[in-house]
Every structure is written in C-alpha cells, then in structure tokens.
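Participant: Supplied structure: start01.cif, mmCIF, C-alpha atoms and all ligand atoms.
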```cif
data_entry
#
loop_
_atom_site.group_PDB
_atom_site.id
_atom_site.type_symbol
_atom_site.label_atom_id
_atom_site.label_comp_id
_atom_site.auth_asym_id
_atom_site.auth_seq_id
_atom_site.Cartn_x
_atom_site.Cartn_y
_atom_site.Cartn_z
ATOM 1 C CA MET A 1 1.379 -70.305 -9.017
ATOM 2 C CA LEU A 2 4.599 -69.858 -7.054
ATOM 3 C CA LEU A 3 3.541 -71.887 -4.035
ATOM 4 C CA GLN A 4 1.364 -74.660 -5.449
ATOM 5 C CA ASP A 5 1.651 -77.702 -3.104
ATOM 6 C CA HIS A 6 3.730 -75.750 -0.601
ATOM 7 C CA ILE A 7 3.090 -75.825 3.149
ATOM 8 C CA VAL A 8 4.263 -72.495 4.559
ATOM 9 C CA LEU A 9 4.556 -71.405 8.185
ATOM 10 C CA VAL A 10 4.449 -67.648 8.890
ATOM 11 C CA THR A 11 5.447 -66.481 12.386
ATOM 12 C CA GLY A 12 4.309 -63.065 13.635
ATOM 13 C CA ALA A 13 1.409 -63.202 11.170
ATOM 14 C CA GLY A 14 -1.260 -61.592 13.348
ATOM 15 C CA SER A 15 -1.013 -58.208 11.633
ATOM 16 C CA GLY A 16 1.050 -56.067 9.298
ATOM 17 C CA LEU A 17 3.748 -57.683 7.215
ATOM 18 C CA GLY A 18 3.234 -61.292 8.360
ATOM 19 C CA LEU A 19 -0.516 -61.185 7.735
ATOM 20 C CA GLY A 20 -0.001 -59.635 4.294
ATOM 21 C CA ILE A 21 2.579 -62.306 3.431
ATOM 22 C CA ALA A 22 0.345 -65.155 4.669
ATOM 23 C CA GLN A 23 -2.540 -63.892 2.524
ATOM 24 C CA TYR A 24 -0.280 -63.502 -0.498
ATOM 25 C CA CYS A 25 1.140 -67.021 -0.047
ATOM 26 C CA LYS A 26 -2.399 -68.365 0.048
ATOM 27 C CA LYS A 27 -3.206 -66.609 -3.224
ATOM 28 C CA GLN A 28 -0.121 -68.287 -4.672
ATOM 29 C CA GLY A 29 -1.483 -71.742 -3.826
ATOM 30 C CA ALA A 30 0.126 -72.434 -0.413
ATOM 31 C CA LYS A 31 -1.504 -73.977 2.614
ATOM 32 C CA VAL A 32 -0.472 -71.605 5.371
ATOM 33 C CA ILE A 33 0.125 -71.956 9.065
ATOM 34 C CA VAL A 34 -0.591 -68.570 10.591
ATOM 35 C CA THR A 35 0.989 -68.020 14.005
ATOM 36 C CA ASP A 36 1.370 -65.119 16.414
ATOM 37 C CA VAL A 37 1.756 -64.475 20.131
ATOM 38 C CA ALA A 38 -1.369 -62.260 20.176
ATOM 39 C CA THR A 39 -4.474 -64.458 20.516
ATOM 40 C CA GLU A 40 -6.836 -61.509 19.959
ATOM 41 C CA LYS A 41 -5.247 -60.827 16.564
ATOM 42 C CA LEU A 42 -5.533 -64.499 15.561
ATOM 43 C CA ASN A 43 -9.239 -64.494 16.486
ATOM 44 C CA GLU A 44 -9.788 -61.348 14.445
ATOM 45 C CA ILE A 45 -8.129 -62.653 11.275
ATOM 46 C CA ALA A 46 -9.442 -66.246 11.386
ATOM 47 C CA GLN A 47 -12.111 -65.581 8.723
ATOM 48 C CA LYS A 48 -9.422 -64.593 6.192
ATOM 49 C CA PHE A 49 -8.250 -68.229 6.137
ATOM 50 C CA ASP A 50 -10.005 -71.603 5.743
ATOM 51 C CA GLN A 51 -9.889 -75.218 6.945
ATOM 52 C CA ASN A 52 -6.907 -75.965 4.704
ATOM 53 C CA ASP A 53 -4.941 -73.546 6.855
ATOM 54 C CA LEU A 54 -3.895 -73.767 10.481
ATOM 55 C CA ILE A 55 -4.048 -70.854 12.915
ATOM 56 C CA LEU A 56 -1.945 -71.342 16.027
ATOM 57 C CA ARG A 57 -0.822 -69.231 18.935
ATOM 58 C CA CYS A 58 2.960 -69.426 19.128
ATOM 59 C CA ASP A 59 5.360 -67.226 21.067
ATOM 60 C CA VAL A 60 8.612 -67.540 19.117
ATOM 61 C CA THR A 61 10.666 -66.699 22.204
ATOM 62 C CA LYS A 62 9.493 -69.962 23.818
ATOM 63 C CA ALA A 63 11.073 -73.190 22.614
ATOM 64 C CA THR A 64 8.135 -75.190 24.001
ATOM 65 C CA ASP A 65 5.632 -73.177 21.901
ATOM 66 C CA LEU A 66 7.688 -73.757 18.762
ATOM 67 C CA VAL A 67 8.018 -77.491 19.404
ATOM 68 C CA GLN A 68 4.249 -77.770 19.989
ATOM 69 C CA CYS A 69 3.616 -75.781 16.799
ATOM 70 C CA LYS A 70 5.841 -78.182 14.849
ATOM 71 C CA LYS A 71 3.926 -81.149 16.275
ATOM 72 C CA GLU A 72 0.587 -79.700 15.157
ATOM 73 C CA ILE A 73 1.940 -78.913 11.685
ATOM 74 C CA LEU A 74 3.273 -82.442 11.223
ATOM 75 C CA ASN A 75 -0.014 -83.932 12.497
ATOM 76 C CA LYS A 76 -1.985 -82.020 9.890
ATOM 77 C CA TYR A 77 0.344 -81.855 6.873
ATOM 78 C CA HIS A 78 3.180 -84.357 7.611
ATOM 79 C CA ARG A 79 5.757 -81.983 6.124
ATOM 80 C CA LEU A 80 6.786 -78.322 5.801
ATOM 81 C CA ASP A 81 8.250 -76.447 2.821
ATOM 82 C CA ALA A 82 9.034 -73.014 4.220
ATOM 83 C CA VAL A 83 9.232 -70.923 7.362
ATOM 84 C CA ILE A 84 8.724 -67.193 6.958
ATOM 85 C CA GLY A 85 9.584 -65.097 10.024
ATOM 86 C CA ALA A 86 7.859 -61.717 10.347
ATOM 87 C CA GLN A 87 7.652 -61.067 14.084
ATOM 88 C CA GLY A 88 9.218 -58.015 15.627
ATOM 89 C CA ILE A 89 8.924 -55.165 18.103
ATOM 90 C CA PHE A 90 10.246 -51.614 17.830
ATOM 91 C CA ASP A 91 12.222 -49.448 20.253
ATOM 92 C CA GLY A 92 10.249 -46.237 19.810
ATOM 93 C CA ASN A 93 13.078 -44.711 17.744
ATOM 94 C CA LEU A 94 14.467 -43.039 20.871
ATOM 95 C CA PRO A 95 18.130 -42.049 21.288
ATOM 96 C CA ILE A 96 19.820 -44.090 24.038
ATOM 97 C CA ALA A 97 20.932 -40.891 25.823
ATOM 98 C CA SER A 98 17.261 -40.163 26.538
ATOM 99 C CA MET A 99 16.871 -43.425 28.519
ATOM 100 C CA GLU A 100 17.711 -44.410 32.062
ATOM 101 C CA LEU A 101 20.493 -47.016 32.063
ATOM 102 C CA GLN A 102 18.247 -49.659 33.652
ATOM 103 C CA HIS A 103 15.621 -49.105 30.944
ATOM 104 C CA LEU A 104 18.227 -49.564 28.221
ATOM 105 C CA ASP A 105 19.271 -52.797 29.920
ATOM 106 C CA GLN A 106 15.653 -54.099 29.898
ATOM 107 C CA LEU A 107 15.058 -52.804 26.372
ATOM 108 C CA PHE A 108 18.016 -54.812 25.084
ATOM 109 C CA ASP A 109 16.687 -58.069 26.563
ATOM 110 C CA GLU A 110 13.135 -57.439 25.367
ATOM 111 C CA LEU A 111 14.036 -56.589 21.778
ATOM 112 C CA PHE A 112 16.780 -59.167 21.280
ATOM 113 C CA ASN A 113 14.477 -61.806 22.733
ATOM 114 C CA VAL A 114 11.783 -61.303 20.062
ATOM 115 C CA ASN A 115 13.770 -59.859 17.168
ATOM 116 C CA VAL A 116 16.785 -62.188 17.301
ATOM 117 C CA LYS A 117 16.268 -65.142 19.651
ATOM 118 C CA GLY A 118 12.806 -65.701 18.142
ATOM 119 C CA TYR A 119 14.357 -66.290 14.704
ATOM 120 C CA LEU A 120 17.229 -68.375 16.076
ATOM 121 C CA LEU A 121 14.932 -70.755 18.005
ATOM 122 C CA THR A 122 12.548 -71.009 15.048
ATOM 123 C CA ALA A 123 15.452 -71.954 12.783
ATOM 124 C CA HIS A 124 16.629 -74.634 15.213
ATOM 125 C CA VAL A 125 13.195 -76.183 15.738
ATOM 126 C CA PHE A 126 12.217 -76.383 12.056
ATOM 127 C CA ALA A 127 15.606 -77.175 10.480
ATOM 128 C CA ASP A 128 15.118 -80.963 10.477
ATOM 129 C CA VAL A 129 11.701 -80.933 8.749
ATOM 130 C CA LEU A 130 12.851 -78.342 6.216
ATOM 131 C CA LYS A 131 15.998 -80.355 5.508
ATOM 132 C CA GLU A 132 13.967 -83.460 4.691
ATOM 133 C CA ASN A 133 12.015 -81.459 2.175
ATOM 134 C CA HIS A 134 14.722 -79.174 0.729
ATOM 135 C CA GLY A 135 12.819 -76.198 2.080
ATOM 136 C CA ALA A 136 13.444 -72.531 2.749
ATOM 137 C CA MET A 137 13.649 -70.014 5.557
ATOM 138 C CA VAL A 138 12.879 -66.344 4.878
ATOM 139 C CA PHE A 139 13.496 -63.894 7.711
ATOM 140 C CA THR A 140 12.703 -60.210 8.165
ATOM 141 C CA THR A 141 15.343 -57.618 8.841
ATOM 142 C CA SER A 142 15.043 -53.914 7.937
ATOM 143 C CA THR A 143 16.799 -51.103 6.153
ATOM 144 C CA ALA A 144 17.798 -50.220 9.733
ATOM 145 C CA ALA A 145 20.450 -52.948 9.304
ATOM 146 C CA TYR A 146 22.035 -50.901 6.488
ATOM 147 C CA ALA A 147 21.690 -47.224 7.415
ATOM 148 C CA ALA A 148 21.107 -45.032 10.460
ATOM 149 C CA ASP A 149 17.733 -43.516 11.438
ATOM 150 C CA GLY A 150 15.641 -46.579 10.650
ATOM 151 C CA GLY A 151 14.942 -47.031 14.373
ATOM 152 C CA GLY A 152 16.780 -46.520 17.654
ATOM 153 C CA ALA A 153 20.122 -48.160 18.505
ATOM 154 C CA VAL A 154 18.682 -51.355 19.980
ATOM 155 C CA TYR A 155 16.191 -52.017 17.151
ATOM 156 C CA THR A 156 18.959 -51.286 14.645
ATOM 157 C CA ALA A 157 21.310 -53.718 16.403
ATOM 158 C CA THR A 158 18.654 -56.480 16.333
ATOM 159 C CA LYS A 159 18.103 -55.996 12.624
ATOM 160 C CA GLY A 160 21.859 -56.100 11.949
ATOM 161 C CA ALA A 161 21.990 -59.334 13.942
ATOM 162 C CA ILE A 162 19.258 -60.947 11.818
ATOM 163 C CA ARG A 163 21.043 -59.914 8.640
ATOM 164 C CA SER A 164 24.192 -61.714 9.849
ATOM 165 C CA LEU A 165 22.205 -64.675 11.149
ATOM 166 C CA ILE A 166 20.754 -65.227 7.670
ATOM 167 C CA GLN A 167 24.274 -65.590 6.261
ATOM 168 C CA GLN A 168 25.420 -67.989 8.971
ATOM 169 C CA LEU A 169 22.299 -70.167 8.821
ATOM 170 C CA ALA A 170 22.517 -70.397 5.023
ATOM 171 C CA PHE A 171 26.059 -71.715 5.525
ATOM 172 C CA GLU A 172 25.164 -74.151 8.318
ATOM 173 C CA PHE A 173 22.018 -75.532 6.665
ATOM 174 C CA SER A 174 23.423 -75.860 3.145
ATOM 175 C CA PRO A 175 22.922 -77.573 0.806
ATOM 176 C CA GLU A 176 19.409 -78.661 1.835
ATOM 177 C CA ILE A 177 17.855 -75.421 3.108
ATOM 178 C CA ARG A 178 17.948 -72.029 1.418
ATOM 179 C CA VAL A 179 17.998 -69.183 3.959
ATOM 180 C CA ASN A 180 17.314 -65.629 2.797
ATOM 181 C CA GLY A 181 15.916 -62.388 4.137
ATOM 182 C CA VAL A 182 13.981 -59.283 3.193
ATOM 183 C CA ALA A 183 14.788 -55.798 4.497
ATOM 184 C CA PRO A 184 11.721 -53.553 4.154
ATOM 185 C CA ALA A 185 11.969 -49.797 4.654
ATOM 186 C CA ALA A 186 8.405 -48.995 5.646
ATOM 187 C CA ILE A 187 5.014 -50.698 5.858
ATOM 188 C CA GLY A 188 1.884 -48.545 5.635
ATOM 189 C CA ASN A 189 -0.475 -50.937 7.462
ATOM 190 C CA SER A 190 1.930 -52.070 10.187
ATOM 191 C CA GLN A 191 0.958 -52.271 13.861
ATOM 192 C CA LEU A 192 4.597 -52.506 15.015
ATOM 193 C CA LYS A 193 4.559 -52.045 18.791
ATOM 194 C CA GLY A 194 6.903 -50.282 21.143
ATOM 195 C CA PRO A 195 8.623 -52.004 24.092
ATOM 196 C CA LYS A 196 7.360 -52.591 27.631
ATOM 197 C CA ALA A 197 10.797 -51.537 28.912
ATOM 198 C CA LEU A 198 9.988 -47.934 27.927
ATOM 199 C CA ASN A 199 6.243 -48.141 28.655
ATOM 200 C CA LEU A 200 5.611 -47.896 24.932
ATOM 201 C CA GLU A 201 3.836 -51.222 24.453
ATOM 202 C CA HIS A 202 0.584 -49.416 23.614
ATOM 203 C CA GLN A 203 2.256 -47.143 21.106
ATOM 204 C CA LYS A 204 2.617 -48.219 17.497
ATOM 205 C CA GLN A 205 5.188 -47.146 15.001
ATOM 206 C CA SER A 206 2.247 -46.282 12.765
ATOM 207 C CA ASP A 207 1.145 -43.723 15.384
ATOM 208 C CA ILE A 208 3.903 -41.518 13.994
ATOM 209 C CA PRO A 209 1.692 -38.995 12.132
ATOM 210 C CA LYS A 210 1.060 -40.770 8.855
ATOM 211 C CA ASP A 211 0.940 -37.686 6.648
ATOM 212 C CA ALA A 212 4.241 -36.372 7.948
ATOM 213 C CA PHE A 213 5.918 -39.777 7.539
ATOM 214 C CA LEU A 214 4.366 -40.299 4.118
ATOM 215 C CA ASN A 215 5.521 -36.890 2.909
ATOM 216 C CA LEU A 216 9.045 -37.474 4.176
ATOM 217 C CA PHE A 217 9.202 -40.997 2.763
ATOM 218 C CA GLN A 218 7.859 -39.897 -0.614
ATOM 219 C CA SER A 219 10.251 -36.973 -0.788
ATOM 220 C CA ILE A 220 13.342 -39.142 -0.358
ATOM 221 C CA SER A 221 12.439 -42.561 -1.823
ATOM 222 C CA LEU A 222 12.672 -43.122 -5.566
ATOM 223 C CA LEU A 223 9.384 -44.958 -6.059
ATOM 224 C CA GLN A 224 7.516 -42.405 -3.902
ATOM 225 C CA GLU A 225 4.916 -44.739 -2.421
ATOM 226 C CA LEU A 226 4.511 -46.112 1.059
ATOM 227 C CA PRO A 227 4.017 -49.854 0.444
ATOM 228 C CA ASP A 228 1.486 -51.961 2.339
ATOM 229 C CA ALA A 229 2.332 -55.379 3.766
ATOM 230 C CA GLU A 230 0.856 -57.256 0.768
ATOM 231 C CA ASP A 231 3.249 -55.418 -1.548
ATOM 232 C CA TYR A 232 6.123 -57.406 -0.013
ATOM 233 C CA GLY A 233 4.306 -60.723 -0.524
ATOM 234 C CA ALA A 234 5.822 -61.569 -3.905
ATOM 235 C CA LEU A 235 9.404 -61.286 -2.624
ATOM 236 C CA TYR A 236 8.736 -63.561 0.333
ATOM 237 C CA ALA A 237 6.721 -66.015 -1.754
ATOM 238 C CA PHE A 238 9.506 -66.330 -4.308
ATOM 239 C CA LEU A 239 12.201 -66.855 -1.666
ATOM 240 C CA ALA A 240 9.986 -69.426 0.111
ATOM 241 C CA SER A 241 9.228 -71.295 -3.106
ATOM 242 C CA LYS A 242 11.030 -74.212 -4.738
ATOM 243 C CA GLN A 243 11.426 -71.897 -7.737
ATOM 244 C CA ASN A 244 14.270 -70.168 -5.925
ATOM 245 C CA LYS A 245 17.183 -72.366 -6.945
ATOM 246 C CA VAL A 246 19.751 -69.593 -7.091
ATOM 247 C CA MET A 247 19.773 -67.553 -3.869
ATOM 248 C CA THR A 248 20.850 -68.360 -0.337
ATOM 249 C CA GLY A 249 22.454 -66.272 2.402
ATOM 250 C CA GLN A 250 21.143 -63.062 0.844
ATOM 251 C CA THR A 251 18.889 -60.255 1.980
ATOM 252 C CA ILE A 252 16.781 -58.342 -0.525
ATOM 253 C CA VAL A 253 16.669 -54.646 0.332
ATOM 254 C CA ALA A 254 13.059 -53.725 -0.458
ATOM 255 C CA ASP A 255 13.222 -50.015 0.205
ATOM 256 C CA GLN A 256 11.508 -48.186 -2.658
ATOM 257 C CA GLY A 257 14.958 -46.936 -3.657
ATOM 258 C CA LEU A 258 15.473 -45.157 -0.329
ATOM 259 C CA LEU A 259 19.111 -46.181 0.099
ATOM 260 C CA ASN A 260 19.976 -45.623 -3.532
ATOM 261 C CA ARG A 261 20.800 -41.960 -3.212
ATOM 262 C CA ALA A 262 22.960 -39.499 -1.354
ATOM 263 C CA VAL A 263 20.548 -36.625 -0.773
ATOM 264 C CA LEU A 264 21.756 -33.465 -2.514
ATOM 265 C CA THR A 265 18.592 -32.459 -4.320
ATOM 266 C CA HIS A 266 14.884 -32.760 -3.592
HETATM 267 N N1 LIG B 301 6.702 -51.313 10.026
HETATM 268 C C1 LIG B 301 7.758 -51.011 9.316
HETATM 269 O O1 LIG B 301 7.837 -49.918 8.750
HETATM 270 C C2 LIG B 301 8.893 -51.999 9.188
HETATM 271 C C3 LIG B 301 10.022 -51.647 8.431
HETATM 272 C C4 LIG B 301 11.053 -52.567 8.305
HETATM 273 C C5 LIG B 301 10.969 -53.805 8.927
HETATM 274 N N2 LIG B 301 9.856 -54.114 9.665
HETATM 275 C C6 LIG B 301 9.822 -55.429 10.297
HETATM 276 O O2 LIG B 301 8.723 -56.148 9.772
HETATM 277 C C7 LIG B 301 8.319 -57.152 10.724
HETATM 278 C C8 LIG B 301 6.810 -57.082 10.872
HETATM 279 O O3 LIG B 301 6.465 -55.873 11.508
HETATM 280 P P1 LIG B 301 5.124 -55.076 11.204
HETATM 281 O O4 LIG B 301 5.554 -53.693 10.895
HETATM 282 O O5 LIG B 301 4.287 -55.802 10.270
HETATM 283 O O6 LIG B 301 4.490 -55.022 12.687
HETATM 284 P P2 LIG B 301 3.243 -55.775 13.333
HETATM 285 O O7 LIG B 301 3.272 -55.456 14.788
HETATM 286 O O8 LIG B 301 2.012 -55.418 12.585
HETATM 287 O O9 LIG B 301 3.580 -57.325 13.127
HETATM 288 C C9 LIG B 301 4.477 -58.015 13.967
HETATM 289 C C10 LIG B 301 3.774 -59.192 14.621
HETATM 290 O O10 LIG B 301 4.713 -59.897 15.438
HETATM 291 C C11 LIG B 301 4.003 -60.398 16.553
HETATM 292 N N3 LIG B 301 4.900 -60.762 17.639
HETATM 293 C C12 LIG B 301 5.524 -59.948 18.526
HETATM 294 N N4 LIG B 301 6.194 -60.684 19.423
HETATM 295 C C13 LIG B 301 6.003 -61.987 19.094
HETATM 296 C C14 LIG B 301 6.425 -63.218 19.656
HETATM 297 N N5 LIG B 301 7.180 -63.252 20.772
HETATM 298 N N6 LIG B 301 6.037 -64.373 19.058
HETATM 299 C C15 LIG B 301 5.257 -64.352 17.952
HETATM 300 N N7 LIG B 301 4.801 -63.219 17.390
HETATM 301 C C16 LIG B 301 5.180 -62.048 17.958
HETATM 302 C C17 LIG B 301 3.058 -59.259 16.918
HETATM 303 O O11 LIG B 301 1.982 -59.687 17.752
HETATM 304 C C18 LIG B 301 2.610 -58.777 15.544
HETATM 305 O O12 LIG B 301 1.412 -59.410 15.141
HETATM 306 C C19 LIG B 301 9.099 -56.869 12.000
HETATM 307 O O13 LIG B 301 10.209 -57.738 12.077
HETATM 308 C C20 LIG B 301 9.569 -55.437 11.797
HETATM 309 O O14 LIG B 301 10.742 -55.165 12.522
HETATM 310 C C21 LIG B 301 8.819 -53.251 9.812
#
```
Please go through the file and, once you have read it, give me the structure as structure tokens.
Ligand SMILES: NC(=O)c1ccc[n+]([C@@H]2O[C@H](COP(=O)([O-])OP(=O)(O)OC[C@H]3O[C@@H](n4cnc5c(N)ncnc54)[C@H](O)[C@@H]3O)[C@@H](O)[C@H]2O)c1
Facilitator:
Amino acid sequence: MLLQDHIVLVTGAGSGLGLGIAQYCKKQGAKVIVTDVATEKLNEIAQKFDQNDLILRCDVTKATDLVQCKKEILNKYHRLDAVIGAQGIFDGNLPIASMELQHLDQLFDELFNVNVKGYLLTAHVFADVLKENHGAMVFTTSTAAYAADGGGAVYTATKGAIRSLIQQLAFEFSPEIRVNGVAPAAIGNSQLKGPKALNLEHQKQSDIPKDAFLNLFQSISLLQELPDAEDYGALYAFLASKQNKVMTGQTIVADQGLLNRAVLTH
C-alpha cells in the first residue's frame, strides 16, 4: 500500500475533493487527520473514520488554528509525513464587469485569504515537522491556472498563485520536503461554495445544472467522464507518499484531457 505507516493531514476535508482524498489515503494504509472549517461537515463524516484517525476543526486562514492542530497531531502521533491541502472557495464564475467595485475588492480578500493564504500559512506551520521526517506537501490548484473559463478572474488568479507557490516552496524546502500540486478540471461530487462578498455563500458550483455541465464536459474532454473526488485520490496519495522520490515543484494537470486539444471538431 502506498501510504503504509504514513501520517497524513488533509485540510479542507469536510466534503468533495478533500474528503475523497482522505478516504483514499486511509484505504492506502495511512492514519489521517481530517480537518475543515465547517464543524457540521466534520460531524456528518465522523463515522467514515475510526479511532486511529483524528478529526479536527481547523480554519486554515487562522495561524492559531493551525498551530493548535499541529499540537494535537504531535500529541497523538509524534510525527507527520504529509500535508494535503484541498480547501477552497469559488467566485461564482462571474465576469468582473458585472460586479460593483466594492464587491470585487471584498471578493479578492475573501478568496485570496482561503485559496492562497490558507496554503501559505499551512506550509509555514508544518514545514518543521515535515522536514524532520522528509515529508511531502501536496496542494490543490485547478485547470483555471492554465486556461481561461475555469472560473472568474479572482478564482483564476488564486489558482495561478497556488501553482507558483508550489514551485517556490519546493525550492525553499528542498531537499527535505517534496512540494507538488494537482490541478483538477472538474469534480462531480464537489460542494464548492460561492463567496460571501457576492452573497453567493449558499450557492454551490455543483448547482450549475449537472446535465448541462456534464454534457459540455463530456463533449470537449478526451476521457468523457466527470470524475468524482475519489478518482483523484491515487494522484494525491502517490505525491504524499515516500514512494515519490522523483518529483518536486510540479503540478499534475488532472483534466481528463480537457486542455489537450484546440477545439476544431466535435
Ligand atoms: N469542484 C471542482 O470542479 C474543482 C475543480 C478544480 C479545482 N477544485 C479545487 O478543489 C478543492 C476542493 O474543492 P471541492 O470542489 O471539493 O469543494 P468543497 O467545498 O466540497 O471542498 C472544499 C472544502 O474546503 C473547506 N474550507 C473552506 N474554507 C476553509 C477554511 N478557511 N479552512 C478550512 N477549510 C475550509 C470547505 O468547508 C469544504 O469542506 C478547492 O481548492 C477547489 O478550488 C475544484
């Protein structure tokens, strides 16, 4: 198993991608620390894990939460092998011209806080324990970091920032820590929320009519299936594992072949 004897922290694991990854890592032998800002989600998913695992509320935008989380991890396991970051919020895929200037201003702070600062603070807090153990960080960006129309301008900018952050952190934390990323295109069972700045916090990206999105996605992607969160598990588990001795500073574009074509035929 890829993650036998590994202790793996997953942030933003209350639903969607992070939850799917945490469950996959468990199947691969890891003890997992499942964290999220949403207490109600953590309560709901508790039965999917057992006493070998740790379920903690942690808001990645708060340094104090991350430090407390590290304390609890070290109390229980005395070490950490990998941090997988999966938190994120969406911008509703709206063009900036449709927003009031003050809303754009708030939207920027809200999204960069979770989607970029959350990863940066996590990296800082856990770097020392991962260094001791020659561990790994695996962060989540998006195909939005590579091509237009994967989200609105602010979401896209946050995902570009994470992609660059992965490269810089791999450089700064070498040779002890491997830092890589995954850029998914779409996740069927996501609950990705909109921002408070636009009053879209109760709207989910998955509220976009599923059939319409599925048809569009299938018509332009090569593999023609909308993957679920668990389908990304193997990529994350490999990058988090000690078996990855050859990659750092890279992002795997996991897009079903979406970006592989210039669309001339259908
Ligand atoms: N849904 C997609 O199609 C898609 C495509 C590409 C990339 N992504 C990325 O995948 C990641 C996971 O998204 P998802 O689609 O599974 O959505 P999701 O909403 O199901 O999962 C994201 C989780 O992050 C948590 N979170 C939000 N703010 C947090 C904070 N401050 N601290 C800790 N946790 C916080 C949420 O509560 C939620 O449980 C995100 O980074 C997203 O941008 C999603």
Participant: Would you pick out the contacts of segment 243-247 of chain A at 8 Å or less, using only C-alpha atoms, so that residues sharing its chain but fewer than 5 positions from it are not included, and give the list as a PDB file with C-alpha atoms, keeping the file's coordinate frame?
Facilitator:
```pdb
ATOM      1  CA  LEU A   2       4.599 -69.858  -7.054  1.00  0.00           C
ATOM      2  CA  ARG A 178      17.948 -72.029   1.418  1.00  0.00           C
ATOM      3  CA  ASN A 180      17.314 -65.629   2.797  1.00  0.00           C
ATOM      4  CA  PHE A 238       9.506 -66.330  -4.308  1.00  0.00           C
TER       5      PHE A 238
END
```
Participant: Residues contacting ligand LIG 301 (chain B) - anything with an atom at most 7 Å away, using only C-alpha atoms and all ligand atoms - can you give me those as a PyMOL selection string?
Facilitator: chain A and resi 11-18+35-38+41+58-61+86-90+114-115+118+140-143+183-188+190-193+205+229
Participant: Rounded to one decimal in Å, what is the spacing between atom CA of Ser221 of chain A and atom CA of Ile96 of chain A?
Facilitator: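 So the two atoms, atom CA of Ser221 of chain A and atom CA of Ile96 of chain A, lie 26.9 Å apart.
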Participant: Measure the distance from atom CA of Leu111 of chain A to atom CA of Met137 of chain A in Å and round it to one decimal.
Facilitator: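 Those two atoms sit 21.1 Å apart.
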Participant: Could you name the residues that touch segment 69-85 of chain A at 7 Å or less, counting all atoms listed in the file, but leaving out those on the same chain fewer than 6 positions away, as an MDAnalysis selection string?
Facilitator: chainID A and resid 6:12 58 119 129:130 133 135:140 240
Participant: So, counting only C-alpha atoms, which residue among A:Leu120, A:Met99, A:Gln28, A:Glu132 is closest to Glu176 of chain A?
Facilitator: A:Glu132
Participant: So what does the PyMOL selection byres (((chain A and resi 5) around 8) and not hetatm) actually pick up in this one, as a ChimeraX atom specification?
Facilitator: /A:3-4,6-7,29-31
Participant: Kindly give the distance, in Å, that separates atom CA of Tyr146 of chain A and atom CA of Leu259 of chain A, rounded to a single decimal.
Facilitator: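 Atom CA of Leu259 of chain A lies at a distance of 8.5 Å from atom CA of Tyr146 of chain A.
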Participant: Run through the PyMOL selection byres (((chain A and resi 167) around 12) and not hetatm) on the given coordinates and return the selected residues as a PyMOL selection string.
Facilitator: chain A and resi 137-139+160-166+168-174+178-181+247-251
Participant: Once the PyMOL selection byres (((chain A and resi 194) around 12) and not hetatm) has been evaluated on this model, what residues remain selected, and can you format them as a PDB file with C-alpha atoms, keeping the file's coordinate frame?
Facilitator:
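Okay, this is what ended up in part_33.pdb:
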```
ATOM      1  CA  GLY A  88       9.218 -58.015  15.627  1.00  0.00           C
ATOM      2  CA  ILE A  89       8.924 -55.165  18.103  1.00  0.00           C
ATOM      3  CA  PHE A  90      10.246 -51.614  17.830  1.00  0.00           C
ATOM      4  CA  ASP A  91      12.222 -49.448  20.253  1.00  0.00           C
ATOM      5  CA  GLY A  92      10.249 -46.237  19.810  1.00  0.00           C
ATOM      6  CA  ASN A  93      13.078 -44.711  17.744  1.00  0.00           C
ATOM      7  CA  LEU A  94      14.467 -43.039  20.871  1.00  0.00           C
ATOM      8  CA  LEU A 107      15.058 -52.804  26.372  1.00  0.00           C
ATOM      9  CA  GLU A 110      13.135 -57.439  25.367  1.00  0.00           C
ATOM     10  CA  LEU A 111      14.036 -56.589  21.778  1.00  0.00           C
ATOM     11  CA  GLY A 151      14.942 -47.031  14.373  1.00  0.00           C
ATOM     12  CA  GLY A 152      16.780 -46.520  17.654  1.00  0.00           C
ATOM     13  CA  VAL A 154      18.682 -51.355  19.980  1.00  0.00           C
ATOM     14  CA  TYR A 155      16.191 -52.017  17.151  1.00  0.00           C
ATOM     15  CA  GLN A 191       0.958 -52.271  13.861  1.00  0.00           C
ATOM     16  CA  LEU A 192       4.597 -52.506  15.015  1.00  0.00           C
ATOM     17  CA  LYS A 193       4.559 -52.045  18.791  1.00  0.00           C
ATOM     18  CA  PRO A 195       8.623 -52.004  24.092  1.00  0.00           C
ATOM     19  CA  LYS A 196       7.360 -52.591  27.631  1.00  0.00           C
ATOM     20  CA  ALA A 197      10.797 -51.537  28.912  1.00  0.00           C
ATOM     21  CA  LEU A 198       9.988 -47.934  27.927  1.00  0.00           C
ATOM     22  CA  ASN A 199       6.243 -48.141  28.655  1.00  0.00           C
ATOM     23  CA  LEU A 200       5.611 -47.896  24.932  1.00  0.00           C
ATOM     24  CA  GLU A 201       3.836 -51.222  24.453  1.00  0.00           C
ATOM     25  CA  HIS A 202       0.584 -49.416  23.614  1.00  0.00           C
ATOM     26  CA  GLN A 203       2.256 -47.143  21.106  1.00  0.00           C
ATOM     27  CA  LYS A 204       2.617 -48.219  17.497  1.00  0.00           C
ATOM     28  CA  GLN A 205       5.188 -47.146  15.001  1.00  0.00           C
ATOM     29  CA  SER A 206       2.247 -46.282  12.765  1.00  0.00           C
ATOM     30  CA  ASP A 207       1.145 -43.723  15.384  1.00  0.00           C
ATOM     31  CA  ILE A 208       3.903 -41.518  13.994  1.00  0.00           C
TER      32      ILE A 208
END
```
Participant: I'd like to know which of A:Leu19, A:Lys131, A:Leu121, A:Ala147 is closest to Asn260 of chain A, using only C-alpha atoms.
Facilitator: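 Of A:Leu19, A:Lys131, A:Leu121, A:Ala147, the one nearest Asn260 of chain A is A:Ala147, counting only C-alpha atoms.
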Participant: Counting all atoms listed in the file, which residue out of A:Leu66, A:Leu239, A:Ala254, A:Val34 sits closest to Gln51 of chain A?
Facilitator: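 Ranked by minimum distance to Gln51 of chain A, first place goes to A:Val34.
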Participant: Name all residues at most 12 Å from Asp50 of chain A (count all atoms listed in the file; drop same-chain ones fewer than 3 positions away) and give them as a PyMOL selection string.
Facilitator: chain A and resi 23+26+30-34+45-47+53-55
Participant: Convert the current residue selection to file output with C-alpha atoms, as an mmCIF file, in the coordinates of the input.
Facilitator:
```
data_model
loop_
_atom_site.group_PDB
_atom_site.id
_atom_site.type_symbol
_atom_site.label_atom_id
_atom_site.label_comp_id
_atom_site.auth_asym_id
_atom_site.auth_seq_id
_atom_site.Cartn_x
_atom_site.Cartn_y
_atom_site.Cartn_z
ATOM 1 C CA GLN A 23 -2.540 -63.892 2.524
ATOM 2 C CA LYS A 26 -2.399 -68.365 0.048
ATOM 3 C CA ALA A 30 0.126 -72.434 -0.413
ATOM 4 C CA LYS A 31 -1.504 -73.977 2.614
ATOM 5 C CA VAL A 32 -0.472 -71.605 5.371
ATOM 6 C CA ILE A 33 0.125 -71.956 9.065
ATOM 7 C CA VAL A 34 -0.591 -68.570 10.591
ATOM 8 C CA ILE A 45 -8.129 -62.653 11.275
ATOM 9 C CA ALA A 46 -9.442 -66.246 11.386
ATOM 10 C CA GLN A 47 -12.111 -65.581 8.723
ATOM 11 C CA ASP A 53 -4.941 -73.546 6.855
ATOM 12 C CA LEU A 54 -3.895 -73.767 10.481
ATOM 13 C CA ILE A 55 -4.048 -70.854 12.915
#
```
